[in-house]
Each structure stands twice: as structure tokens, then as C-alpha cells.
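Data block for data25.pdb (PDB, C-alpha atoms):
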ATOM      1  CA  MET A 314      20.224  13.904   6.416  1.00  0.00           C
ATOM      2  CA  GLU A 315      21.798  10.940   8.171  1.00  0.00           C
ATOM      3  CA  ILE A 316      20.118   7.559   7.736  1.00  0.00           C
ATOM      4  CA  LYS A 317      21.161   4.555   9.808  1.00  0.00           C
ATOM      5  CA  LYS A 318      20.558   0.969   8.681  1.00  0.00           C
ATOM      6  CA  HIS A 319      19.073  -1.786  10.822  1.00  0.00           C
ATOM      7  CA  LEU A 320      17.754  -4.158   8.206  1.00  0.00           C
ATOM      8  CA  LEU A 321      14.927  -6.643   8.676  1.00  0.00           C
ATOM      9  CA  PRO A 322      14.662  -9.913   6.717  1.00  0.00           C
ATOM     10  CA  HIS A 323      10.935  -9.495   6.004  1.00  0.00           C
ATOM     11  CA  PHE A 324      10.656  -8.473   2.359  1.00  0.00           C
ATOM     12  CA  ASN A 325      10.417  -9.840  -1.147  1.00  0.00           C
ATOM     13  CA  GLU A 326      10.623  -8.520  -4.703  1.00  0.00           C
ATOM     14  CA  ARG A 327       8.379  -5.748  -5.970  1.00  0.00           C
ATOM     15  CA  LYS A 328       5.896  -6.636  -8.691  1.00  0.00           C
ATOM     16  CA  LYS A 329       5.061  -3.005  -9.537  1.00  0.00           C
ATOM     17  CA  SER A 330       6.790   0.366  -9.692  1.00  0.00           C
ATOM     18  CA  VAL A 331       6.553   2.723  -6.711  1.00  0.00           C
ATOM     19  CA  SER A 332       3.493   4.974  -6.889  1.00  0.00           C
ATOM     20  CA  LEU A 333       2.431   5.448  -3.246  1.00  0.00           C
ATOM     21  CA  LEU A 334       3.927   6.784  -0.026  1.00  0.00           C
ATOM     22  CA  VAL A 335       2.264   5.443   3.145  1.00  0.00           C
ATOM     23  CA  ILE A 336       2.700   7.045   6.586  1.00  0.00           C
ATOM     24  CA  HIS A 337       2.337   4.890   9.720  1.00  0.00           C
ATOM     25  CA  CYS A 338       3.012   5.216  13.424  1.00  0.00           C
ATOM     26  CA  SER A 339       3.620   2.763  16.257  1.00  0.00           C
ATOM     27  CA  ALA A 340       3.987   3.105  20.024  1.00  0.00           C
ATOM     28  CA  PHE A 341       7.577   1.841  20.135  1.00  0.00           C
ATOM     29  CA  HIS A 342      11.030   3.348  20.077  1.00  0.00           C
ATOM     30  CA  GLU A 343      13.479   2.010  17.507  1.00  0.00           C
ATOM     31  CA  GLU A 344      14.865  -1.062  19.284  1.00  0.00           C
ATOM     32  CA  GLU A 345      11.449  -2.142  20.564  1.00  0.00           C
ATOM     33  CA  ALA A 346       9.930  -1.476  17.146  1.00  0.00           C
ATOM     34  CA  TYR A 347      12.584  -3.569  15.436  1.00  0.00           C
ATOM     35  CA  LYS A 348      11.940  -6.509  17.778  1.00  0.00           C
ATOM     36  CA  SER A 349       8.178  -6.153  17.384  1.00  0.00           C
ATOM     37  CA  TYR A 350       8.373  -6.031  13.564  1.00  0.00           C
ATOM     38  CA  ASP A 351      10.762  -8.981  13.493  1.00  0.00           C
ATOM     39  CA  SER A 352       8.499 -11.044  15.746  1.00  0.00           C
ATOM     40  CA  ALA A 353       5.391 -10.208  13.700  1.00  0.00           C
ATOM     41  CA  GLU A 354       7.245 -10.512  10.369  1.00  0.00           C
ATOM     42  CA  VAL A 355       6.253  -7.040   9.208  1.00  0.00           C
ATOM     43  CA  SER A 356       8.466  -4.219   7.974  1.00  0.00           C
ATOM     44  CA  PRO A 357       8.476  -0.532   7.023  1.00  0.00           C
ATOM     45  CA  HIS A 358      11.142   0.845   4.737  1.00  0.00           C
ATOM     46  CA  TYR A 359      12.006   3.590   7.240  1.00  0.00           C
ATOM     47  CA  PHE A 360      11.484   4.259  10.940  1.00  0.00           C
ATOM     48  CA  LEU A 361      11.694   7.700  12.574  1.00  0.00           C
ATOM     49  CA  ASP A 362      12.143   7.784  16.340  1.00  0.00           C
ATOM     50  CA  GLU A 363      10.998  10.677  18.529  1.00  0.00           C
ATOM     51  CA  ASP A 364      14.447  12.295  18.399  1.00  0.00           C
ATOM     52  CA  GLY A 365      14.162  12.522  14.617  1.00  0.00           C
ATOM     53  CA  SER A 366      16.679   9.776  13.899  1.00  0.00           C
ATOM     54  CA  ILE A 367      15.963   7.839  10.701  1.00  0.00           C
ATOM     55  CA  THR A 368      16.604   4.120  10.385  1.00  0.00           C
ATOM     56  CA  GLN A 369      16.236   2.214   7.132  1.00  0.00           C
ATOM     57  CA  MET A 370      14.802  -1.252   7.761  1.00  0.00           C
ATOM     58  CA  ILE A 371      14.142  -2.399   4.176  1.00  0.00           C
ATOM     59  CA  ALA A 372      15.855  -1.307   0.954  1.00  0.00           C
ATOM     60  CA  GLU A 373      13.579   0.901  -1.151  1.00  0.00           C
ATOM     61  CA  ASP A 374      13.810  -1.394  -4.169  1.00  0.00           C
ATOM     62  CA  LYS A 375      12.305  -4.251  -2.143  1.00  0.00           C
ATOM     63  CA  ARG A 376       8.681  -4.957  -1.255  1.00  0.00           C
ATOM     64  CA  ALA A 377       8.354  -4.264   2.476  1.00  0.00           C
ATOM     65  CA  TRP A 378       5.456  -5.752   4.440  1.00  0.00           C
ATOM     66  CA  HIS A 379       3.835  -2.675   5.942  1.00  0.00           C
ATOM     67  CA  ALA A 380       0.417  -2.015   4.371  1.00  0.00           C
ATOM     68  CA  GLY A 381      -1.441  -5.321   4.663  1.00  0.00           C
ATOM     69  CA  LEU A 382      -4.857  -5.668   3.040  1.00  0.00           C
ATOM     70  CA  ALA A 383      -5.461  -2.203   1.614  1.00  0.00           C
ATOM     71  CA  SER A 384      -6.898  -0.182  -1.266  1.00  0.00           C
ATOM     72  CA  TRP A 385      -6.477   3.345  -2.611  1.00  0.00           C
ATOM     73  CA  ARG A 386      -7.760   4.872  -5.850  1.00  0.00           C
ATOM     74  CA  GLU A 387      -6.735   2.586  -8.729  1.00  0.00           C
ATOM     75  CA  PHE A 388      -4.496   0.522  -6.445  1.00  0.00           C
ATOM     76  CA  LYS A 389      -6.892  -2.238  -5.406  1.00  0.00           C
ATOM     77  CA  GLU A 390      -4.466  -4.945  -4.343  1.00  0.00           C
ATOM     78  CA  ASP A 391      -0.851  -5.544  -3.305  1.00  0.00           C
ATOM     79  CA  ILE A 392      -0.225  -2.019  -2.023  1.00  0.00           C
ATOM     80  CA  ASN A 393       3.102  -3.275  -0.661  1.00  0.00           C
ATOM     81  CA  SER A 394       4.439  -3.787  -4.186  1.00  0.00           C
ATOM     82  CA  CYS A 395       3.848  -0.191  -5.248  1.00  0.00           C
ATOM     83  CA  SER A 396       4.558   1.761  -2.051  1.00  0.00           C
ATOM     84  CA  VAL A 397       7.235   3.023   0.302  1.00  0.00           C
ATOM     85  CA  GLY A 398       6.253   2.749   3.973  1.00  0.00           C
ATOM     86  CA  ILE A 399       7.467   5.157   6.656  1.00  0.00           C
ATOM     87  CA  GLU A 400       6.789   4.511  10.336  1.00  0.00           C
ATOM     88  CA  LEU A 401       7.075   7.102  13.103  1.00  0.00           C
ATOM     89  CA  CYS A 402       7.271   6.544  16.834  1.00  0.00           C
ATOM     90  CA  ASN A 403       4.392   8.142  18.731  1.00  0.00           C
ATOM     91  CA  MET A 404       3.550   6.693  22.121  1.00  0.00           C
ATOM     92  CA  SER A 405      -0.092   7.808  21.888  1.00  0.00           C
ATOM     93  CA  LEU A 406      -0.471   6.511  18.310  1.00  0.00           C
ATOM     94  CA  GLY A 407      -0.837  10.041  17.050  1.00  0.00           C
ATOM     95  CA  GLU A 408      -3.433  11.261  19.532  1.00  0.00           C
ATOM     96  CA  THR A 409      -0.881  13.750  20.857  1.00  0.00           C
ATOM     97  CA  SER A 410       1.644  15.838  18.938  1.00  0.00           C
ATOM     98  CA  TYR A 411       4.647  14.504  17.120  1.00  0.00           C
ATOM     99  CA  LYS A 412       8.111  15.831  17.958  1.00  0.00           C
ATOM    100  CA  GLU A 413       9.440  18.716  15.883  1.00  0.00           C
ATOM    101  CA  ALA A 414      12.660  16.889  14.969  1.00  0.00           C
ATOM    102  CA  GLN A 415      10.612  13.971  13.638  1.00  0.00           C
ATOM    103  CA  ILE A 416       8.472  16.131  11.393  1.00  0.00           C
ATOM    104  CA  GLU A 417      11.411  18.155  10.075  1.00  0.00           C
ATOM    105  CA  ASN A 418      13.303  15.005   9.085  1.00  0.00           C
ATOM    106  CA  LEU A 419      10.144  13.321   7.799  1.00  0.00           C
ATOM    107  CA  ILE A 420       9.539  16.248   5.457  1.00  0.00           C
ATOM    108  CA  SER A 421      13.071  15.975   4.057  1.00  0.00           C
ATOM    109  CA  LEU A 422      12.803  12.197   3.640  1.00  0.00           C
ATOM    110  CA  CYS A 423       9.380  12.389   1.984  1.00  0.00           C
ATOM    111  CA  GLN A 424      10.510  15.105  -0.410  1.00  0.00           C
ATOM    112  CA  GLU A 425      13.405  12.908  -1.553  1.00  0.00           C
ATOM    113  CA  ILE A 426      11.191   9.844  -2.041  1.00  0.00           C
ATOM    114  CA  ILE A 427       8.473  11.804  -3.881  1.00  0.00           C
ATOM    115  CA  LYS A 428      11.042  13.356  -6.216  1.00  0.00           C
ATOM    116  CA  LYS A 429      12.789  10.029  -6.846  1.00  0.00           C
ATOM    117  CA  TYR A 430       9.607   8.146  -7.789  1.00  0.00           C
ATOM    118  CA  GLN A 431       7.501  11.079  -9.053  1.00  0.00           C
ATOM    119  CA  ILE A 432       4.728  10.181  -6.586  1.00  0.00           C
ATOM    120  CA  LEU A 433       1.532  12.147  -7.178  1.00  0.00           C
ATOM    121  CA  PRO A 434       0.254  14.245  -4.237  1.00  0.00           C
ATOM    122  CA  GLN A 435      -3.016  12.225  -4.287  1.00  0.00           C
ATOM    123  CA  ASN A 436      -0.959   9.139  -3.471  1.00  0.00           C
ATOM    124  CA  VAL A 437       0.643  10.302  -0.223  1.00  0.00           C
ATOM    125  CA  VAL A 438      -1.587   8.599   2.310  1.00  0.00           C
ATOM    126  CA  ALA A 439      -2.157   7.519   5.893  1.00  0.00           C
ATOM    127  CA  HIS A 440      -2.318   3.864   6.821  1.00  0.00           C
ATOM    128  CA  SER A 441      -5.855   4.675   7.977  1.00  0.00           C
ATOM    129  CA  ASP A 442      -6.685   5.984   4.488  1.00  0.00           C
ATOM    130  CA  ILE A 443      -5.801   2.732   2.752  1.00  0.00           C
ATOM    131  CA  ALA A 444      -7.100   0.388   5.483  1.00  0.00           C
ATOM    132  CA  PRO A 445      -9.783   2.319   7.431  1.00  0.00           C
ATOM    133  CA  MET A 446     -11.528  -0.813   8.689  1.00  0.00           C
ATOM    134  CA  ARG A 447      -8.326  -1.950  10.434  1.00  0.00           C
ATOM    135  CA  LYS A 448      -6.047   0.992  11.157  1.00  0.00           C
ATOM    136  CA  MET A 449      -6.121   4.485  12.660  1.00  0.00           C
ATOM    137  CA  ASP A 450      -2.493   5.617  12.281  1.00  0.00           C
ATOM    138  CA  PRO A 451      -0.755   8.016  12.029  1.00  0.00           C
ATOM    139  CA  GLY A 452      -3.497   9.646  14.128  1.00  0.00           C
ATOM    140  CA  ILE A 453      -5.344  12.909  14.506  1.00  0.00           C
ATOM    141  CA  SER A 454      -2.235  14.881  15.520  1.00  0.00           C
ATOM    142  CA  PHE A 455      -0.259  14.073  12.405  1.00  0.00           C
ATOM    143  CA  PRO A 456       0.377  17.447  10.638  1.00  0.00           C
ATOM    144  CA  TRP A 457      -1.000  16.746   7.172  1.00  0.00           C
ATOM    145  CA  GLN A 458      -1.554  20.418   6.386  1.00  0.00           C
ATOM    146  CA  ARG A 459       2.065  21.263   7.168  1.00  0.00           C
ATOM    147  CA  LEU A 460       3.297  18.429   4.970  1.00  0.00           C
ATOM    148  CA  ALA A 461       1.078  19.625   2.117  1.00  0.00           C
ATOM    149  CA  GLN A 462       2.592  23.097   2.467  1.00  0.00           C
ATOM    150  CA  ASN A 463       5.945  21.416   1.862  1.00  0.00           C
ATOM    151  CA  GLY A 464       4.845  19.585  -1.271  1.00  0.00           C
ATOM    152  CA  ILE A 465       3.880  16.331   0.444  1.00  0.00           C
ATOM    153  CA  GLY A 466       0.286  15.244  -0.118  1.00  0.00           C
ATOM    154  CA  LEU A 467      -2.742  17.518  -0.426  1.00  0.00           C
ATOM    155  CA  TRP A 468      -4.812  19.885   1.685  1.00  0.00           C
ATOM    156  CA  TYR A 469      -7.925  21.841   0.720  1.00  0.00           C
ATOM    157  CA  ASP A 470      -9.530  25.252   0.328  1.00  0.00           C
ATOM    158  CA  LEU A 471     -13.121  25.360   1.599  1.00  0.00           C
ATOM    159  CA  GLN A 472     -14.000  27.903  -1.084  1.00  0.00           C
ATOM    160  CA  ASN A 473     -13.739  25.080  -3.628  1.00  0.00           C
ATOM    161  CA  ALA A 474     -16.552  23.087  -2.024  1.00  0.00           C
ATOM    162  CA  ASP A 475     -19.188  24.894  -4.092  1.00  0.00           C
ATOM    163  CA  LYS A 476     -17.486  23.714  -7.293  1.00  0.00           C
ATOM    164  CA  ILE A 477     -18.470  20.100  -6.537  1.00  0.00           C
ATOM    165  CA  LYS A 478     -22.151  19.297  -7.181  1.00  0.00           C
ATOM    166  CA  GLU A 479     -22.074  15.700  -5.910  1.00  0.00           C
ATOM    167  CA  ASN A 480     -23.687  15.270  -2.461  1.00  0.00           C
ATOM    168  CA  ASP A 481     -23.453  11.517  -1.957  1.00  0.00           C
ATOM    169  CA  VAL A 482     -20.910  10.875   0.812  1.00  0.00           C
ATOM    170  CA  GLY A 483     -19.900   7.433  -0.450  1.00  0.00           C
ATOM    171  CA  LYS A 484     -19.299   8.682  -3.980  1.00  0.00           C
ATOM    172  CA  LEU A 485     -17.249  11.629  -2.719  1.00  0.00           C
ATOM    173  CA  LEU A 486     -15.111   9.389  -0.519  1.00  0.00           C
ATOM    174  CA  LYS A 487     -14.482   7.070  -3.467  1.00  0.00           C
ATOM    175  CA  GLN A 488     -13.681  10.077  -5.661  1.00  0.00           C
ATOM    176  CA  ILE A 489     -10.879  10.941  -3.223  1.00  0.00           C
ATOM    177  CA  GLY A 490      -9.595   7.378  -3.125  1.00  0.00           C
ATOM    178  CA  TYR A 491     -11.217   5.592  -0.181  1.00  0.00           C
ATOM    179  CA  LYS A 492     -12.841   2.175  -0.477  1.00  0.00           C
ATOM    180  CA  ALA A 493     -16.529   2.751   0.311  1.00  0.00           C
ATOM    181  CA  ASP A 494     -18.531   0.031  -1.392  1.00  0.00           C
ATOM    182  CA  ASP A 495     -20.940  -0.678   1.479  1.00  0.00           C
ATOM    183  CA  LYS A 496     -22.256   0.995   4.636  1.00  0.00           C
ATOM    184  CA  GLU A 497     -19.542  -0.209   7.022  1.00  0.00           C
ATOM    185  CA  GLU A 498     -16.741   0.661   4.607  1.00  0.00           C
ATOM    186  CA  THR A 499     -18.264   4.103   4.088  1.00  0.00           C
ATOM    187  CA  ILE A 500     -18.484   4.758   7.831  1.00  0.00           C
ATOM    188  CA  ALA A 501     -14.890   3.609   8.337  1.00  0.00           C
ATOM    189  CA  ALA A 502     -13.700   5.755   5.419  1.00  0.00           C
ATOM    190  CA  ALA A 503     -15.590   8.779   6.772  1.00  0.00           C
ATOM    191  CA  TYR A 504     -13.868   8.331  10.130  1.00  0.00           C
ATOM    192  CA  ALA A 505     -10.455   8.065   8.470  1.00  0.00           C
ATOM    193  CA  PHE A 506     -11.290  11.187   6.450  1.00  0.00           C
ATOM    194  CA  ARG A 507     -12.227  13.108   9.600  1.00  0.00           C
ATOM    195  CA  ARG A 508      -9.034  12.018  11.346  1.00  0.00           C
ATOM    196  CA  ARG A 509      -6.955  13.399   8.472  1.00  0.00           C
ATOM    197  CA  PHE A 510      -8.873  16.467   7.304  1.00  0.00           C
ATOM    198  CA  LEU A 511     -11.073  17.404  10.290  1.00  0.00           C
ATOM    199  CA  PRO A 512      -9.048  16.259  13.320  1.00  0.00           C
ATOM    200  CA  GLU A 513     -10.630  18.910  15.531  1.00  0.00           C
ATOM    201  CA  GLU A 514     -13.935  17.050  15.185  1.00  0.00           C
ATOM    202  CA  VAL A 515     -12.517  13.738  16.439  1.00  0.00           C
ATOM    203  CA  GLU A 516     -12.457  12.896  20.126  1.00  0.00           C
ATOM    204  CA  ILE A 517      -9.002  12.117  21.517  1.00  0.00           C
ATOM    205  CA  VAL A 518      -8.675   8.527  22.716  1.00  0.00           C
ATOM    206  CA  ASN A 519      -6.268   8.137  25.634  1.00  0.00           C
ATOM    207  CA  ASN A 520      -6.287   4.338  25.657  1.00  0.00           C
ATOM    208  CA  VAL A 521      -3.872   3.103  22.977  1.00  0.00           C
ATOM    209  CA  ARG A 522      -5.160  -0.467  23.266  1.00  0.00           C
ATOM    210  CA  GLU A 523      -8.704   0.788  22.621  1.00  0.00           C
ATOM    211  CA  LEU A 524      -7.495   2.463  19.424  1.00  0.00           C
ATOM    212  CA  ILE A 525      -5.806  -0.702  18.214  1.00  0.00           C
ATOM    213  CA  GLU A 526      -8.776  -2.939  18.976  1.00  0.00           C
ATOM    214  CA  HIS A 527     -11.433  -0.499  17.706  1.00  0.00           C
ATOM    215  CA  PRO A 528      -9.906   1.619  14.901  1.00  0.00           C
ATOM    216  CA  TYR A 529     -13.252   3.149  14.015  1.00  0.00           C
ATOM    217  CA  PRO A 530     -16.627   3.503  15.790  1.00  0.00           C
ATOM    218  CA  GLN A 531     -18.712   0.893  14.000  1.00  0.00           C
ATOM    219  CA  GLY A 532     -22.282   1.719  13.077  1.00  0.00           C
ATOM    220  CA  LYS A 533     -22.054   5.459  13.820  1.00  0.00           C
ATOM    221  CA  VAL A 534     -24.043   6.839  10.905  1.00  0.00           C
ATOM    222  CA  GLY A 535     -23.505  10.338  12.341  1.00  0.00           C
ATOM    223  CA  LEU A 536     -19.999  10.218  10.927  1.00  0.00           C
ATOM    224  CA  LEU A 537     -21.575  10.634   7.492  1.00  0.00           C
ATOM    225  CA  GLN A 538     -23.487  13.755   8.448  1.00  0.00           C
ATOM    226  CA  GLY A 539     -22.881  17.422   9.229  1.00  0.00           C
ATOM    227  CA  GLU A 540     -22.663  20.526   7.055  1.00  0.00           C
ATOM    228  CA  LYS A 541     -18.961  21.123   7.835  1.00  0.00           C
ATOM    229  CA  PHE A 542     -18.122  17.487   7.089  1.00  0.00           C
ATOM    230  CA  LEU A 543     -19.867  17.556   3.694  1.00  0.00           C
ATOM    231  CA  GLN A 544     -18.363  20.932   2.790  1.00  0.00           C
ATOM    232  CA  THR A 545     -14.854  19.730   3.672  1.00  0.00           C
ATOM    233  CA  LEU A 546     -15.426  16.452   1.838  1.00  0.00           C
ATOM    234  CA  LYS A 547     -16.340  18.355  -1.322  1.00  0.00           C
ATOM    235  CA  ALA A 548     -13.362  20.689  -0.968  1.00  0.00           C
ATOM    236  CA  VAL A 549     -10.972  17.758  -0.561  1.00  0.00           C
ATOM    237  CA  ALA A 550     -12.554  15.963  -3.518  1.00  0.00           C
ATOM    238  CA  TYR A 551     -11.929  19.104  -5.607  1.00  0.00           C
ATOM    239  CA  SER A 552      -8.271  19.194  -4.486  1.00  0.00           C
ATOM    240  CA  PHE A 553      -7.779  15.557  -5.440  1.00  0.00           C
ATOM    241  CA  GLU A 554      -9.434  16.053  -8.835  1.00  0.00           C
ATOM    242  CA  HIS A 555      -7.408  19.123  -9.732  1.00  0.00           C
ATOM    243  CA  ALA A 556      -3.974  18.406  -8.259  1.00  0.00           C
TER     244      ALA A 556
END

Written form, C-alpha cells:
Amino acid sequence: MEIKKHLLPHFNERKKSVSLLVIHCSAFHEEEAYKSYDSAEVSPHYFLDEDGSITQMIAEDKRAWHAGLASWREFKEDINSCSVGIELCNMSLGETSYKEAQIENLISLCQEIIKKYQILPQNVVAHSDIAPMRKMDPGISFPWQRLAQNGIGLWYDLQNADKIKENDVGKLLKQIGYKADDKEETIAAAYAFRRRFLPEEVEIVNNVRELIEHPYPQGKVGLLQGEKFLQTLKAVAYSFEHA
């Protein structure tokens, strides 16, 4: 697996050991992405273009600036210090399919990183998982189930839903790892959950700018309802508890 280097200056020293792998996407090809990151003073560790090419932008032992204000499970602050960030090019921000070459090389790269740092499957996450109020990437077309089949992250078996007795949506979301301490956070987390685990229930958004400006439909209590949603939520919670 060939990895090019096009290093950014936007990093500092880690304060924690690596425990998380965060998947992002942006609507730029490599050169445009590099210029955009440099201008905004942000940085992923790796960038995968649509042709599958991999470019390292920050050394893994450094703290890249990719996650922003975020939270996941016991990691309540400074996600950048304890994570590796991978960004993929997708011109629809993940509303339409990723390229096969990208996913094949992403799987290989993720497997190496997970093995190197012994990252738990519960801690392979979307940017939208750790920052659901602000972000929606890598989008509804990102193939989480396929990655899980290759040892990257988790999927679920609906038959396990009956093994979870909890019915409170907020508590179940928090059990998985989402921040859901109030109504708006719970709605945002539910939307992020649907985008990852029930993408067929999420309407495709063709306007990329609309996605960026409105990463989740605020106030839509309906996102917290539905028999299939609750059943899937329980099944995922079981997977995360028993991984």
C-alpha cells in the first residue's frame, strides 16, 4: 500500500495515547483539500482521494487538528490527542457512493492503524458520531457494514434487540457512546445514529451547502421514534456492550 506525503504544519504534541479512529469526508480532491486545510489551519492524518491514493498530511505520532469539539464514550475532551483522523474525498459529502478503490485502500489503512494501536471496535467512529450537532460526515453512503465485516468498527444483529430491556432513547444512545444530555443533543445523536446504522431511512440531500450549514434537522422529535429505530438502537447497544 503506497502512501504519499504532503505534510501540513497544523499539529502539536499528543497528550494521550491513541484510542480512537475517526472517519471524515470533504468535497475536495487532494490539492484543493490541502489548500483548504492549510487556509483553515485544520489537518487530518491521512487523505484518500477518489482514485484510492493515500496521502499522509500529519505524522501519526502528532496531534492533528481534525475532530474539533467532540465527545465519545469516556473520551469527553481533546479527541484530537487520542485519535487518528482519516479524510476521504466525496463530492456529495457521502450522500452518494464512495469509489471502490477508496474503500479497498481505506480498509487496508484502517486495519494497520487498528492493529498498531489496538483500537477497540467501539472506538472506530464517524465525525458525525463524535460531533453530531456540527457534522454529518462521512455521510449515509459510507459502507460501515462492509468495514465491520473486515474488522473495522461494529455492526449489529437485530435478533439481539430483545436482549436489551432499556427503552429510553437517550440512555441507549449514551450507552453506545453518543453525547445526549439534553433534548437537542439527543435529536442530533439520533440523526447521526440513523445516518450510520439506518441510512435507508435518511433522505438524501443533494445540496452540499445545505448539509454543511444544517448538519441535522433541529427540533424533529420524530427522529427519536419508530419501532425499527428503537429495535436497531437496542441491537447496536448490545453490539457495543458485548464487543

Tell me, counting only C-alpha atoms, for each residue of segment 335-372 of chain A within 6 Å of segment 393-405 of chain A, which pair of atoms is nearest and how far apart they are in Å to one decimal, in rows ordered by chain and increasing number, as a tab-separated table.
residue	atom	partner	partner_atom	distance
A:Val335	CA	A:Gly398	CA	4.9
A:Ile336	CA	A:Ile399	CA	5.1
A:His337	CA	A:Glu400	CA	4.5
A:Cys338	CA	A:Leu401	CA	4.5
A:Ser339	CA	A:Cys402	CA	5.3
A:Ala340	CA	A:Met404	CA	4.2
A:Phe341	CA	A:Cys402	CA	5.8
A:His342	CA	A:Cys402	CA	5.9
A:Pro357	CA	A:Gly398	CA	5.0
A:His358	CA	A:Gly398	CA	5.3
A:Tyr359	CA	A:Ile399	CA	4.8
A:Phe360	CA	A:Glu400	CA	4.7
A:Leu361	CA	A:Leu401	CA	4.7
A:Asp362	CA	A:Cys402	CA	5.1
A:Glu363	CA	A:Cys402	CA	5.8

Given the file above and the PyMOL selection byres ((chain A and resi 538-547) around 12), which residues are selected, and can you give them as a count of residues only? 52

Using all atoms listed in the file, the best pick from A:Gly464, A:Gly381, A:Gly365, A:Pro528 as closest to Glu425 of chain A would be A:Gly464

When you count only C-alpha atoms, which of these residues is closest to Met449 of chain A: A:Ile432, A:Leu524, A:Cys423, A:Ala414?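 Among the listed residues, A:Leu524 lies closest to Met449 of chain A.
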
Report as JSON, numbers by chain the full result of the PyMOL selection byres ((chain A and resi 410) around 6) when it is applied to this structure. {"A": [409, 411, 454]}

Work out how far atom CA of Asp374 of chain A is from atom CA of Glu326 of chain A, in Å to one decimal.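 Result for atom CA of Glu326 of chain A versus atom CA of Asp374 of chain A: 7.8 Å, one decimal.
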